[in-house]
Amino acid sequence: MTSNLTSEEQAAAAAVERSAATSQLRFATAGSVDDGKSTLVGRLLHDSKSVLADQLEAVAHASRSRGQEAPDLALLTDGLRAEREQGITIDVAYRYFATPKRRFILADTPGHVQYTRNMVTGASTAELAVVLVDARNGVVEQTRRHAAVAALLRVPHVVLAVNKMDLVDYAEPVFAAIAEEFTTYAASLGVPEITAIPISALAGDNVVTPSANMDWYGGPTVLEHLETVPVGTDPSQDPARFPVQYVIRPQTTEHPDYRGYAGQIASGVLRVGDAVTVLPSGRTSTITGIDALGAMVDVAWAPQSVTVTLADDLDISRGDLIAPSDHAPETTQDVEATVCHLHDRPLRVGDRVLLKHTTRTMKAIIKDIPSRLTLADLSHHPAPGELAANDIGRVVLRTSEPLALDAYEDSRRTGSFLLIDPADGTTLTAGMAGDSFAASADGAEAARDDEGWGF
């Protein structure tokens, strides 16, 4: 491989990267209480043969002890005692399974309003979100909340699973009305792709196998869609971002002057010979070498972990960002962002916190909280003064040092950050830099009020 790749070689490299990316899908599930979310996950695991025999026997035993004749597949994910006692999901449950076509990391998130922070945690790294709706109830307030959170987190693919179709006699008009209402609402928030699937998680209709009861539906089952939805992007389309995690200075006889910068490429492509800028210092240099797993290469792309060497001996340490000189992000100490507060202690104006962005951690102060989003009706309240647990709002921060921060809309990796309690190191808040919501899917800007909420 050379630094002067032909178009065919570039296309081949991009194809390899896309193939690697689509071999694994991270997705999250969300839905109102009793919409059958955990049952769907259990059915998906069971029917895809991803449940071990002893796990299934334990679920069957627990179900019999509760007076149920058939195994309650929801127990495959609801592992906490409180979850099983109440029949609800409280914490995010991660499950790992695979089919011959793809590997999956599944985050089963709670549906209650008071566990919004858990959904934000589970969906923050998801490439797809499955939003469940009870066919008898249709789109409710909580459905709109979950669509709003998916839009806020820039989840690129959303599946509307209209569940419990068996309880409405598998009626096509019921499904069509729900799908139209949800699609219109989610598209207005900027969700780029929405797929609606009618299912019965309890009976298994259209979860893994096509339903004989809904011959009017010609689309994919849930698993078929999960296996075929395109994920990952061509890394050459995004500006390169390389947060330095560790500086390698062996200072041995064999490598007396070696200075390498190790980390994971957050986005884009790095090539030997590229002119780069180190932020926040602004110093410039040229990439002279890329070490990937002990082999010297001329090209590397996200999300590979590599060691980079530069032509100049610059003062670079953990937390610095290496970016192409012609597409380097601007640095700033004034950050405006949308945040979800995760901690029980409120976040208030004047609070001093630590801000963690990629591999960099610095001091910051909350200068203002312009607005808080009310999840009950998706309205905003100006100048709330503080954010309580599960609140989503806008904040203005002042950092102690310049920060190279992308807009979250441009990069979920380098546009996000955490706020941390400097006293005990607990995570307080998850933040997303820039505007709250993307433009609507048809290209028109969503209606925005003075505080920037896209509703």
# chains A, B, ... in the order shown; residues from 1 in each chain; ligands from 1

$ residues_around --residues "range 392-407 of chain A" --least-positions-apart "5" --cutoff "7 Å" --atoms "only C-alpha atoms" --output "PyMOL selection string"
chain A and resi 279-280+329-341+362-373+414-415+433-434

$ residues_around --residues "range 22-35 of chain A" --least-positions-apart "3" --cutoff "8 Å" --atoms "only C-alpha atoms" --output "ChimeraX atom specification"
/A:18-19,88,101-112,119,122-123,125-134,142-143,146,163-164,226,230-232

$ atom_distance --atom1 "CA of Leu270 in chain A" --atom2 "CA of Ala240 in chain A"
6.5 Å

$ atom_distance --atom1 "CA of Arg117 in chain A" --atom2 "CA of Glu193 in chain A"
23.7 Å

$ select_by_dssp --residues "range 109-315 of chain A" --states "strand (DSSP E or B)" --output "ChimeraX atom specification"
/A:128-134,157-163,194-198,200,205,209,241-243,246-248,260-264,267,269-271,275-279,283-292,295-297,299-301,305-310

$ atom_distance --atom1 "CA of Val306 in chain A" --atom2 "CA of Gly263 in chain A"
5.9 Å

$ closest_residue --among "A:Ala203, A:Pro243, A:Asp166, A:Met432" --to "Val120 in chain A" --atoms "only C-alpha atoms"
A:Met432

$ residues_around --residues "range 244-257 of chain A" --least-positions-apart "4" --cutoff "7 Å" --atoms "only C-alpha atoms" --output "count of residues only"
9

$ residues_around --residues "Thr288 in chain A" --least-positions-apart "2" --cutoff "12 Å" --atoms "only C-alpha atoms" --output "list in words"
Ser3, Tyr258, Arg259, Gly260, Tyr261, Leu270, Arg271, Val272, Gly273, Asp274, Ala275, Val276, Ser285, Thr286, Ile290, Asp291, Met296, Val297, Asp298, Val299, Thr307, Val308, Thr309, Leu310, Ala311, Asp312 and Asp313 of chain A

$ residues_around --residues "Thr426 in chain A" --least-positions-apart "3" --cutoff "12 Å" --atoms "only C-alpha atoms" --output "count of residues only"
16

$ closest_residue --among "A:Ala292, A:Ala179, A:Ala383, A:Ile316" --to "Ile197 in chain A" --atoms "only C-alpha atoms"
A:Ala179

$ closest_residue --among "A:Ile199, A:Ile265, A:Val41, A:Leu189" --to "Arg144 in chain A" --atoms "only C-alpha atoms"
A:Leu189

$ residues_around --residues "Pro173 in chain A" --least-positions-apart "4" --cutoff "12 Å" --atoms "only C-alpha atoms" --output "JSON, numbers by chain"
{"A": [135, 138, 165, 168, 169, 177, 178, 179, 180, 198, 214, 216, 217]}

$ residues_around --residues "Asp238 in chain A" --least-positions-apart "6" --cutoff "8 Å" --atoms "only C-alpha atoms" --output "count of residues only"
3
